[in-house]
$ cat input_25.pdb   # PDB, C-alpha atoms
ATOM      1  CA  MET A 235     -46.637  77.876 -24.344
ATOM      2  CA  ALA A 236     -43.755  75.920 -25.806
ATOM      3  CA  ASN A 237     -41.340  77.487 -23.323
ATOM      4  CA  ALA A 238     -43.714  77.553 -20.371
ATOM      5  CA  TRP A 239     -41.647  74.859 -18.630
ATOM      6  CA  LYS A 240     -38.894  77.442 -18.086
ATOM      7  CA  ARG A 241     -41.137  79.516 -15.851
ATOM      8  CA  GLU A 242     -42.027  76.626 -13.523
ATOM      9  CA  LYS A 243     -40.396  76.588 -10.105
ATOM     10  CA  GLN A 244     -37.376  74.264  -9.886
ATOM     11  CA  SER A 245     -37.992  71.060  -7.951
ATOM     12  CA  GLN A 246     -36.621  71.061  -4.404
ATOM     13  CA  ILE A 247     -36.064  67.279  -4.214
ATOM     14  CA  PHE A 248     -32.302  67.619  -4.671
ATOM     15  CA  SER A 249     -31.851  70.699  -2.526
ATOM     16  CA  ASN A 250     -28.822  70.829  -0.235
ATOM     17  CA  ARG A 251     -30.977  70.188   2.788
ATOM     18  CA  ASN A 252     -32.576  67.071   1.309
ATOM     19  CA  LEU A 253     -29.236  65.742   0.133
ATOM     20  CA  LEU A 254     -27.903  66.026   3.670
ATOM     21  CA  LEU A 255     -30.795  63.888   4.862
ATOM     22  CA  ILE A 256     -30.642  61.340   2.020
ATOM     23  CA  PHE A 257     -26.885  60.723   2.230
ATOM     24  CA  PRO A 258     -26.725  59.226   5.778
ATOM     25  CA  ILE A 259     -29.908  57.226   5.174
ATOM     26  CA  SER A 260     -28.384  55.759   1.992
ATOM     27  CA  LEU A 261     -25.183  54.858   3.811
ATOM     28  CA  PHE A 262     -27.201  53.096   6.509
ATOM     29  CA  LEU A 263     -29.202  51.106   3.954
ATOM     30  CA  ILE A 264     -26.060  50.087   2.053
ATOM     31  CA  PHE A 265     -24.365  49.007   5.273
ATOM     32  CA  PHE A 266     -27.452  47.035   6.378
ATOM     33  CA  PHE A 267     -27.689  45.282   2.998
ATOM     34  CA  PHE A 268     -23.974  44.430   3.021
ATOM     35  CA  LEU A 269     -24.158  43.085   6.557
ATOM     36  CA  SER A 270     -27.152  40.919   5.751
ATOM     37  CA  SER A 271     -25.521  39.580   2.574
ATOM     38  CA  SER A 272     -22.262  38.853   4.390
ATOM     39  CA  ARG A 273     -24.036  36.880   7.082
ATOM     40  CA  ASN A 274     -25.767  34.793   4.458
ATOM     41  CA  SER A 275     -22.580  34.199   2.458
ATOM     42  CA  ILE A 276     -20.310  33.156   5.327
ATOM     43  CA  PRO A 277     -20.208  29.349   5.571
ATOM     44  CA  ASN A 278     -21.633  28.011   8.778
ATOM     45  CA  PRO A 279     -18.708  26.407  10.629
ATOM     46  CA  ASN A 280     -21.046  23.785  12.028
ATOM     47  CA  PHE A 281     -22.085  22.901   8.492
ATOM     48  CA  ILE A 282     -18.558  22.111   7.302
ATOM     49  CA  ASN A 283     -17.659  20.284  10.506
ATOM     50  CA  GLN A 284     -20.952  18.533  11.150
ATOM     51  CA  PHE A 285     -19.074  15.246  11.177
ATOM     52  CA  SER A 286     -16.884  16.209  14.125
ATOM     53  CA  THR A 287     -19.020  15.173  17.103
ATOM     54  CA  GLN A 288     -20.417  12.097  15.382
ATOM     55  CA  THR A 289     -17.203  10.941  13.752
ATOM     56  CA  LEU A 290     -14.683  11.729  16.466
ATOM     57  CA  SER A 291     -16.645   9.567  18.874
ATOM     58  CA  ILE A 292     -16.056   6.617  16.512
ATOM     59  CA  PHE A 293     -12.665   7.296  14.942
ATOM     60  CA  THR A 294     -10.795   8.327  18.081
ATOM     61  CA  SER A 295      -7.406   6.916  17.102
ATOM     62  CA  PHE A 296      -6.732   9.450  14.352
ATOM     63  CA  ASN A 297      -8.213  12.926  14.180
ATOM     64  CA  PRO A 298      -9.852  13.979  10.890
ATOM     65  CA  TYR A 299      -8.538  16.871   8.826
ATOM     66  CA  ASP A 300     -10.144  20.170   9.825
ATOM     67  CA  CYS A 301     -11.281  22.049   6.715
ATOM     68  CA  LEU A 302     -12.030  25.177   8.745
ATOM     69  CA  LYS A 303      -8.370  25.475   9.708
ATOM     70  CA  SER A 304      -7.081  24.670   6.225
ATOM     71  CA  PRO A 305      -5.783  27.595   4.143
ATOM     72  CA  GLN A 306      -8.148  28.333   1.285
ATOM     73  CA  SER A 307      -7.120  27.016  -2.130
ATOM     74  CA  TYR A 308      -6.755  29.548  -4.931
ATOM     75  CA  PRO A 309      -7.730  30.041  -7.602
ATOM     76  CA  VAL A 310     -10.881  27.988  -7.047
ATOM     77  CA  ILE A 311     -12.063  26.457 -10.310
ATOM     78  CA  ALA A 312     -15.033  24.169  -9.771
ATOM     79  CA  ASN A 313     -17.919  22.911 -11.853
ATOM     80  CA  VAL A 314     -20.634  20.296 -11.973
ATOM     81  CA  VAL A 315     -19.808  16.932 -13.570
ATOM     82  CA  GLU A 316     -21.608  15.839 -16.722
ATOM     83  CA  GLY A 317     -23.394  12.555 -17.300
ATOM     84  CA  VAL A 318     -23.646  11.086 -13.792
ATOM     85  CA  ARG A 319     -26.956   9.983 -12.317
ATOM     86  CA  TYR A 320     -26.298  11.782  -9.039
ATOM     87  CA  PRO A 321     -24.714  15.156  -9.898
ATOM     88  CA  PHE A 322     -21.960  16.763  -7.859
ATOM     89  CA  LEU A 323     -19.267  19.425  -8.161
ATOM     90  CA  TYR A 324     -15.555  19.225  -7.605
ATOM     91  CA  SER A 325     -12.653  21.680  -7.598
ATOM     92  CA  ILE A 326      -9.601  20.974  -9.770
ATOM     93  CA  ALA A 327      -5.996  21.312  -8.650
ATOM     94  CA  ASP A 328      -4.386  20.634 -12.035
ATOM     95  CA  LEU A 329      -4.840  23.846 -14.031
ATOM     96  CA  GLY A 330      -2.663  22.795 -16.935
ATOM     97  CA  SER A 331      -0.075  25.218 -18.334
ATOM     98  CA  LEU A 332      -1.643  28.640 -18.037
ATOM     99  CA  PRO A 333      -2.284  30.658 -20.073
ATOM    100  CA  ASP A 334      -1.221  28.731 -23.201
ATOM    101  CA  LYS A 335      -2.484  25.218 -22.443
ATOM    102  CA  PRO A 336      -5.150  25.255 -19.732
ATOM    103  CA  HIS A 337      -6.604  22.015 -18.418
ATOM    104  CA  LYS A 338      -9.293  20.541 -20.669
ATOM    105  CA  ASN A 339     -11.952  21.081 -18.015
ATOM    106  CA  ILE A 340     -11.098  24.778 -17.859
ATOM    107  CA  VAL A 341     -11.577  24.996 -21.632
ATOM    108  CA  ARG A 342     -14.909  23.179 -21.288
ATOM    109  CA  MET A 343     -16.060  25.515 -18.542
ATOM    110  CA  MET A 344     -15.186  28.587 -20.611
ATOM    111  CA  LYS A 345     -17.429  27.156 -23.342
ATOM    112  CA  GLY A 346     -20.261  26.817 -20.857
ATOM    113  CA  LYS A 347     -19.888  23.046 -20.510
ATOM    114  CA  PRO A 348     -19.671  20.961 -17.317
ATOM    115  CA  PHE A 349     -16.543  19.031 -16.341
ATOM    116  CA  ARG A 350     -16.069  15.768 -18.183
ATOM    117  CA  LYS A 351     -17.257  12.845 -16.085
ATOM    118  CA  PRO A 352     -14.417  10.874 -14.457
ATOM    119  CA  ASP A 353     -14.643   7.126 -15.068
ATOM    120  CA  ILE A 354     -14.239   6.387 -11.363
ATOM    121  CA  SER A 355     -17.248   8.566 -10.510
ATOM    122  CA  VAL A 356     -19.471   6.600 -12.892
ATOM    123  CA  THR A 357     -18.135   3.285 -11.566
ATOM    124  CA  ILE A 358     -18.663   4.255  -7.934
ATOM    125  CA  GLN A 359     -22.259   5.262  -8.526
ATOM    126  CA  GLU A 360     -23.022   2.132 -10.532
ATOM    127  CA  VAL A 361     -21.679  -0.132  -7.786
ATOM    128  CA  LEU A 362     -23.307   1.798  -4.932
ATOM    129  CA  GLU A 363     -26.670   1.902  -6.707
ATOM    130  CA  LYS A 364     -27.055  -1.752  -5.721
ATOM    131  CA  MET A 365     -26.326  -0.880  -2.072
ATOM    132  CA  LYS A 366     -28.580   2.146  -1.642
ATOM    133  CA  SER A 367     -30.829   0.362   0.839
ATOM    134  CA  LYS A 368     -27.791   0.013   3.135
ATOM    135  CA  ASN A 369     -26.514   3.582   2.994
ATOM    136  CA  ASP A 370     -27.643   4.593   6.479
ATOM    137  CA  ASP A 371     -25.388   2.348   8.557
ATOM    138  CA  GLY A 372     -21.986   2.164   6.894
ATOM    139  CA  TYR A 373     -19.206   3.911   5.033
ATOM    140  CA  VAL A 374     -17.484   4.124   1.688
ATOM    141  CA  VAL A 375     -13.685   4.325   2.076
ATOM    142  CA  ASP A 376     -11.812   6.349  -0.549
ATOM    143  CA  VAL A 377      -8.058   5.714  -0.391
ATOM    144  CA  GLY A 378      -6.076   8.067  -2.603
ATOM    145  CA  ALA A 379      -9.025  10.459  -2.738
ATOM    146  CA  ASN A 380      -7.206  13.037  -4.898
ATOM    147  CA  VAL A 381      -9.677  15.952  -5.274
ATOM    148  CA  GLY A 382     -12.717  13.867  -4.332
ATOM    149  CA  MET A 383     -14.131  12.530  -7.599
ATOM    150  CA  ALA A 384     -15.070   9.212  -5.960
ATOM    151  CA  THR A 385     -15.814  10.773  -2.572
ATOM    152  CA  PHE A 386     -18.404  13.193  -3.909
ATOM    153  CA  ALA A 387     -19.880  10.637  -6.298
ATOM    154  CA  ALA A 388     -20.689   8.530  -3.227
ATOM    155  CA  SER A 389     -21.777  11.337  -0.905
ATOM    156  CA  ALA A 390     -24.132  12.681  -3.611
ATOM    157  CA  MET A 391     -26.005   9.392  -3.227
ATOM    158  CA  GLY A 392     -26.293   9.822   0.534
ATOM    159  CA  PHE A 393     -23.419   7.555   1.556
ATOM    160  CA  ARG A 394     -20.998   8.544   4.290
ATOM    161  CA  VAL A 395     -17.375   8.606   3.147
ATOM    162  CA  LEU A 396     -13.963   8.308   4.805
ATOM    163  CA  ALA A 397     -11.468   9.945   2.447
ATOM    164  CA  PHE A 398      -7.703   9.383   2.837
ATOM    165  CA  GLU A 399      -5.429  11.853   1.062
ATOM    166  CA  PRO A 400      -1.901  12.970   2.061
ATOM    167  CA  VAL A 401      -1.305  15.725  -0.518
ATOM    168  CA  PHE A 402      -2.050  19.216   0.788
ATOM    169  CA  GLU A 403      -3.168  20.677  -2.553
ATOM    170  CA  ASN A 404      -5.733  17.906  -2.867
ATOM    171  CA  LEU A 405      -6.954  18.321   0.703
ATOM    172  CA  GLN A 406      -7.737  21.949  -0.072
ATOM    173  CA  ARG A 407      -9.840  20.933  -3.075
ATOM    174  CA  ILE A 408     -11.659  18.268  -1.082
ATOM    175  CA  CYS A 409     -12.567  20.964   1.443
ATOM    176  CA  ASP A 410     -13.855  23.091  -1.457
ATOM    177  CA  GLY A 411     -16.025  20.188  -2.566
ATOM    178  CA  ILE A 412     -17.382  19.549   0.912
ATOM    179  CA  PHE A 413     -18.698  23.112   0.959
ATOM    180  CA  PHE A 414     -19.898  23.233  -2.660
ATOM    181  CA  ASN A 415     -21.777  19.930  -2.335
ATOM    182  CA  ARG A 416     -23.075  20.631   1.194
ATOM    183  CA  VAL A 417     -21.806  17.263   2.474
ATOM    184  CA  GLY A 418     -20.092  18.253   5.704
ATOM    185  CA  ASP A 419     -22.248  15.680   7.473
ATOM    186  CA  LYS A 420     -21.271  12.939   4.992
ATOM    187  CA  VAL A 421     -17.534  13.278   4.303
ATOM    188  CA  THR A 422     -14.706  12.822   6.797
ATOM    189  CA  VAL A 423     -11.177  13.525   5.546
ATOM    190  CA  PHE A 424      -7.929  12.099   6.901
ATOM    191  CA  GLU A 425      -4.593  13.719   6.058
ATOM    192  CA  ALA A 426      -2.674  10.485   5.668
ATOM    193  CA  ALA A 427      -1.568   7.766   3.301
ATOM    194  CA  ALA A 428      -3.197   4.439   4.066
ATOM    195  CA  SER A 429      -0.551   1.709   4.304
ATOM    196  CA  ASP A 430       0.396  -1.436   6.229
ATOM    197  CA  ARG A 431       2.236   0.356   9.019
ATOM    198  CA  HIS A 432       1.858   3.386  11.220
ATOM    199  CA  GLY A 433       4.487   6.111  10.890
ATOM    200  CA  ASN A 434       5.856   8.250   8.079
ATOM    201  CA  ILE A 435       6.652   7.365   4.488
ATOM    202  CA  THR A 436       8.304   9.316   1.680
ATOM    203  CA  PHE A 437       6.008  10.545  -1.062
ATOM    204  CA  HIS A 438       7.031  11.883  -4.454
ATOM    205  CA  LYS A 439       5.092  14.774  -5.964
ATOM    206  CA  LEU A 440       5.657  15.766  -9.573
ATOM    207  CA  VAL A 441       6.679  19.298 -10.496
ATOM    208  CA  GLY A 442       3.836  20.841 -12.450
ATOM    209  CA  ARG A 443       1.396  18.197 -11.191
ATOM    210  CA  LEU A 444       1.476  18.691  -7.433
ATOM    211  CA  ASP A 445      -2.005  17.189  -7.184
ATOM    212  CA  ASN A 446      -0.605  13.770  -8.077
ATOM    213  CA  SER A 447       1.906  11.694  -6.161
ATOM    214  CA  ALA A 448       3.194   8.196  -5.480
ATOM    215  CA  VAL A 449       5.227   6.441  -2.810
ATOM    216  CA  SER A 450       7.607   5.065  -5.429
ATOM    217  CA  ALA A 451       9.661   7.644  -7.334
ATOM    218  CA  ALA A 452       9.731   5.299 -10.339
ATOM    219  CA  GLY A 453       5.977   4.803 -10.044
ATOM    220  CA  ALA A 454       5.399   8.544  -9.962
ATOM    221  CA  LYS A 455       7.390   9.020 -13.157
ATOM    222  CA  LEU A 456       5.604   6.144 -14.858
ATOM    223  CA  ALA A 457       2.161   7.362 -13.858
ATOM    224  CA  PHE A 458       2.567  11.034 -14.609
ATOM    225  CA  LYS A 459       5.313  11.123 -17.256
ATOM    226  CA  SER A 460       7.549  13.633 -15.523
ATOM    227  CA  ASN A 461      11.217  13.640 -14.637
ATOM    228  CA  GLU A 462      11.074  16.300 -11.922
ATOM    229  CA  GLU A 463       9.872  15.337  -8.473
ATOM    230  CA  ILE A 464       9.630  16.670  -4.944
ATOM    231  CA  GLU A 465      10.070  14.410  -1.916
ATOM    232  CA  LEU A 466       8.010  14.918   1.215
ATOM    233  CA  GLN A 467       7.236  13.001   4.369
ATOM    234  CA  VAL A 468       3.587  12.102   4.981
ATOM    235  CA  ARG A 469       1.854  10.229   7.747
ATOM    236  CA  SER A 470       0.874   6.638   7.062
ATOM    237  CA  ILE A 471      -1.687   4.595   8.932
ATOM    238  CA  PRO A 472      -3.338   1.196   8.425
ATOM    239  CA  LEU A 473      -7.085   1.235   7.859
ATOM    240  CA  ASN A 474      -7.284  -1.340  10.663
ATOM    241  CA  GLU A 475      -6.239   1.382  13.121
ATOM    242  CA  VAL A 476      -8.778   3.933  11.925
ATOM    243  CA  ILE A 477     -11.906   1.897  11.270
ATOM    244  CA  PRO A 478     -13.151  -0.089  14.298
ATOM    245  CA  ASP A 479     -14.863  -3.465  14.020
ATOM    246  CA  SER A 480     -18.205  -1.878  14.853
ATOM    247  CA  VAL A 481     -18.214   0.266  11.685
ATOM    248  CA  ARG A 482     -19.678  -1.276   8.562
ATOM    249  CA  VAL A 483     -17.783  -0.675   5.313
ATOM    250  CA  HIS A 484     -19.722  -1.042   2.065
ATOM    251  CA  LEU A 485     -16.945  -0.321  -0.410
ATOM    252  CA  ILE A 486     -13.219   0.417  -0.456
ATOM    253  CA  LYS A 487     -11.790   2.203  -3.480
ATOM    254  CA  ILE A 488      -7.967   2.330  -3.745
ATOM    255  CA  ASP A 489      -5.968   4.332  -6.293
ATOM    256  CA  VAL A 490      -2.465   4.910  -4.960
ATOM    257  CA  GLN A 491      -0.169   4.458  -7.961
ATOM    258  CA  GLY A 492       1.226   1.025  -7.133
ATOM    259  CA  TRP A 493       0.922   1.055  -3.320
ATOM    260  CA  GLU A 494      -2.331  -0.934  -3.376
ATOM    261  CA  TYR A 495      -0.883  -4.108  -1.851
ATOM    262  CA  HIS A 496       0.306  -2.239   1.237
ATOM    263  CA  VAL A 497      -3.083  -0.574   1.680
ATOM    264  CA  LEU A 498      -4.844  -3.935   1.474
ATOM    265  CA  LYS A 499      -2.405  -5.507   3.947
ATOM    266  CA  GLY A 500      -3.197  -2.722   6.379
ATOM    267  CA  ALA A 501      -6.917  -3.463   6.037
ATOM    268  CA  SER A 502      -6.674  -7.185   6.880
ATOM    269  CA  LYS A 503      -9.213  -7.051   9.732
ATOM    270  CA  ILE A 504     -11.768  -5.338   7.525
ATOM    271  CA  LEU A 505     -11.164  -7.699   4.597
ATOM    272  CA  SER A 506     -11.470 -10.776   6.809
ATOM    273  CA  ARG A 507     -15.073  -9.979   7.699
ATOM    274  CA  LYS A 508     -17.513 -12.678   6.691
ATOM    275  CA  GLY A 509     -19.646 -12.766   3.564
ATOM    276  CA  GLY A 510     -21.991  -9.834   3.230
ATOM    277  CA  GLU A 511     -20.149  -7.882   5.933
ATOM    278  CA  ALA A 512     -16.971  -7.721   3.822
ATOM    279  CA  PRO A 513     -16.593  -4.628   1.627
ATOM    280  CA  TYR A 514     -16.738  -4.537  -2.147
ATOM    281  CA  LEU A 515     -13.234  -3.727  -3.454
ATOM    282  CA  ILE A 516     -12.201  -1.489  -6.346
ATOM    283  CA  TYR A 517      -8.465  -1.009  -6.730
ATOM    284  CA  GLU A 518      -6.094   0.016  -9.493
ATOM    285  CA  GLU A 519      -4.202  -2.997 -10.843
ATOM    286  CA  ASP A 520      -1.505  -1.555 -13.079
ATOM    287  CA  GLU A 521       1.334  -4.084 -13.256
ATOM    288  CA  ARG A 522       4.000  -1.483 -14.096
ATOM    289  CA  LEU A 523       3.112   0.654 -11.098
ATOM    290  CA  LEU A 524       2.813  -2.343  -8.792
ATOM    291  CA  GLN A 525       6.253  -3.630  -9.777
ATOM    292  CA  ALA A 526       7.714  -0.161  -9.197
ATOM    293  CA  SER A 527       6.521  -0.574  -5.591
ATOM    294  CA  ASN A 528       7.901  -4.132  -5.320
ATOM    295  CA  SER A 529       4.586  -5.945  -5.590
ATOM    296  CA  SER A 530       2.528  -7.525  -8.363
ATOM    297  CA  ALA A 531      -1.030  -8.208  -9.449
ATOM    298  CA  LYS A 532      -0.557 -11.901  -8.629
ATOM    299  CA  GLU A 533       0.640 -11.103  -5.124
ATOM    300  CA  ILE A 534      -2.465  -9.012  -4.529
ATOM    301  CA  ARG A 535      -4.831 -11.613  -5.967
ATOM    302  CA  ASP A 536      -3.233 -14.355  -3.851
ATOM    303  CA  TYR A 537      -3.529 -12.214  -0.731
ATOM    304  CA  LEU A 538      -7.164 -11.378  -1.414
ATOM    305  CA  SER A 539      -7.928 -15.032  -2.077
ATOM    306  CA  SER A 540      -6.523 -15.873   1.359
ATOM    307  CA  MET A 541      -8.940 -13.275   2.780
ATOM    308  CA  GLY A 542     -11.864 -14.997   1.058
ATOM    309  CA  TYR A 543     -12.128 -12.757  -2.015
ATOM    310  CA  LYS A 544     -12.558 -15.439  -4.654
ATOM    311  CA  HIS A 545     -14.378 -13.347  -7.259
ATOM    312  CA  CYS A 546     -12.297 -10.692  -9.021
ATOM    313  CA  SER A 547     -12.865  -9.176 -12.454
ATOM    314  CA  GLN A 548     -10.892  -6.718 -14.536
ATOM    315  CA  HIS A 549     -12.405  -3.373 -15.587
ATOM    316  CA  GLY A 550      -9.777  -1.524 -17.587
ATOM    317  CA  THR A 551      -6.878  -0.959 -15.177
ATOM    318  CA  ASP A 552      -9.153  -1.495 -12.154
ATOM    319  CA  ALA A 553      -9.974  -4.766 -10.420
ATOM    320  CA  HIS A 554     -13.313  -5.387  -8.711
ATOM    321  CA  CYS A 555     -13.378  -8.085  -6.006
ATOM    322  CA  THR A 556     -16.164  -9.502  -3.857
ATOM    323  CA  LYS A 557     -16.863 -12.322  -1.438
ATOM    324  CA  GLU A 558     -19.734 -14.772  -1.636
ATOM    325  CA  GLY A 559     -22.517 -14.025   0.821
TER     326      GLY A 559
END
$ encode --input "input_25.pdb" --output "structure tokens"
Amino acid sequence: MANAWKREKQSQIFSNRNLLLIFPISLFLIFFFFLSSSRNSIPNPNFINQFSTQTLSIFTSFNPYDCLKSPQSYPVIANVVEGVRYPFLYSIADLGSLPDKPHKNIVRMMKGKPFRKPDISVTIQEVLEKMKSKNDDGYVVDVGANVGMATFAASAMGFRVLAFEPVFENLQRICDGIFFNRVGDKVTVFEAAASDRHGNITFHKLVGRLDNSAVSAAGAKLAFKSNEEIELQVRSIPLNEVIPDSVRVHLIKIDVQGWEYHVLKGASKILSRKGGEAPYLIYEEDERLLQASNSSAKEIRDYLSSMGYKHCSQHGTDAHCTKEG
């Protein structure tokens, strides 16, 4: 009986005839599964550009950047940020020196850790926490958005954001973040440098750090400690020409490596709004960078005082300024 199994008739499940029937059915099922998965994985164009009909009707003077038409960034390295009350993800453009010295956030990610929280993200959320009851009828303006660390900190709280960024590599990463954070209805991006005049200005990008730039060549070298730079022409536009009087602005954050005075001059109509209608200001106040762009902290403070901003305080290299209600 031990060898009785040898006398049993061989199963016909895998006969040639059955294989001929199973093969096309399997191909059909694989194709159907792939098609269904592909449909689910393709971003909905309306999702990424949900702002277009709403925003273009308001900001008609300057068309927003179209993420759907932007070439995809690569490689895409994105992660959630640690230690913020309202979590978000962002995609990094600075990869460090691969493979020997990768960016610190890449090392963290490989260890299973989130990205280190950027100081500006924490600051933005702390300031906006006091304005949450107003987040349905106004905007946060992020000038010098970089890869969106302030933009996504605000949009994660439900605020609508106007992000100004002239550097192409950063625009790609902002588009990544819009998709990853599902905030196509909250974030509007402008491919431009905010300034005090409309036209073109020369920007300086640093070799090896193309995600960072400055209008002043000296300022770029001071900020990013590099001696090699690339010049490029970018569009400049005053905030006055983009944001109409009818649009409420809760907060303006400016980090433009010494060009802050020119951005503020170009926002004079917004800054001159009365009391509680005037935006809260956060701007970088680094005297070395300001002087490299032929301005100074005193010049900015005097200008803001003339606009009614009498209350300014220093937070590291940032200044926070408000008006009395």
$ residues_around --input "input_25.pdb" --residues "Pro513 of chain A" --least-positions-apart "6" --cutoff "6 Å" --atoms "all atoms listed in the file" --output "list in words"
Val483, His484 and Leu485 of chain A
$ axis_aligned_box --input "input_25.pdb" --around "segment 339-356 of chain A" --padding-each-side "5 Å" --output "AutoDock Vina command-line options"
--center_x -15.7 --center_y 17.5 --center_z -16.9 --size_x 19.2 --size_y 32.2 --size_z 22.8
$ resolve_selection --input "input_25.pdb" --expression "the PyMOL selection byres ((chain A and resi 545) around 8)" --output "list in words"
Tyr543, Lys544, Cys546, Ser547, Cys555, Thr556, Lys557 and Glu558 of chain A
$ resolve_selection --input "input_25.pdb" --expression "the PyMOL selection byres ((chain A and resi 315) around 12)" --output "ChimeraX atom specification"
/A:312-314,316-326,339,342-343,347-353,355-356,383-384,386-387,390,415
$ atom_distance --input "input_25.pdb" --atom1 "atom CA of Pro478 of chain A" --atom2 "atom CA of Asn297 of chain A"
13.9 Å
$ resolve_selection --input "input_25.pdb" --expression "the PyMOL selection byres ((chain A and resi 394-399) around 6)" --output "list in words"
Tyr373, Val374, Val375, Asp376, Val377, Gly378, Ala379, Ser389, Phe393, Pro400, Val401, Lys420, Val421, Thr422, Val423, Phe424, Glu425 and Ala426 of chain A
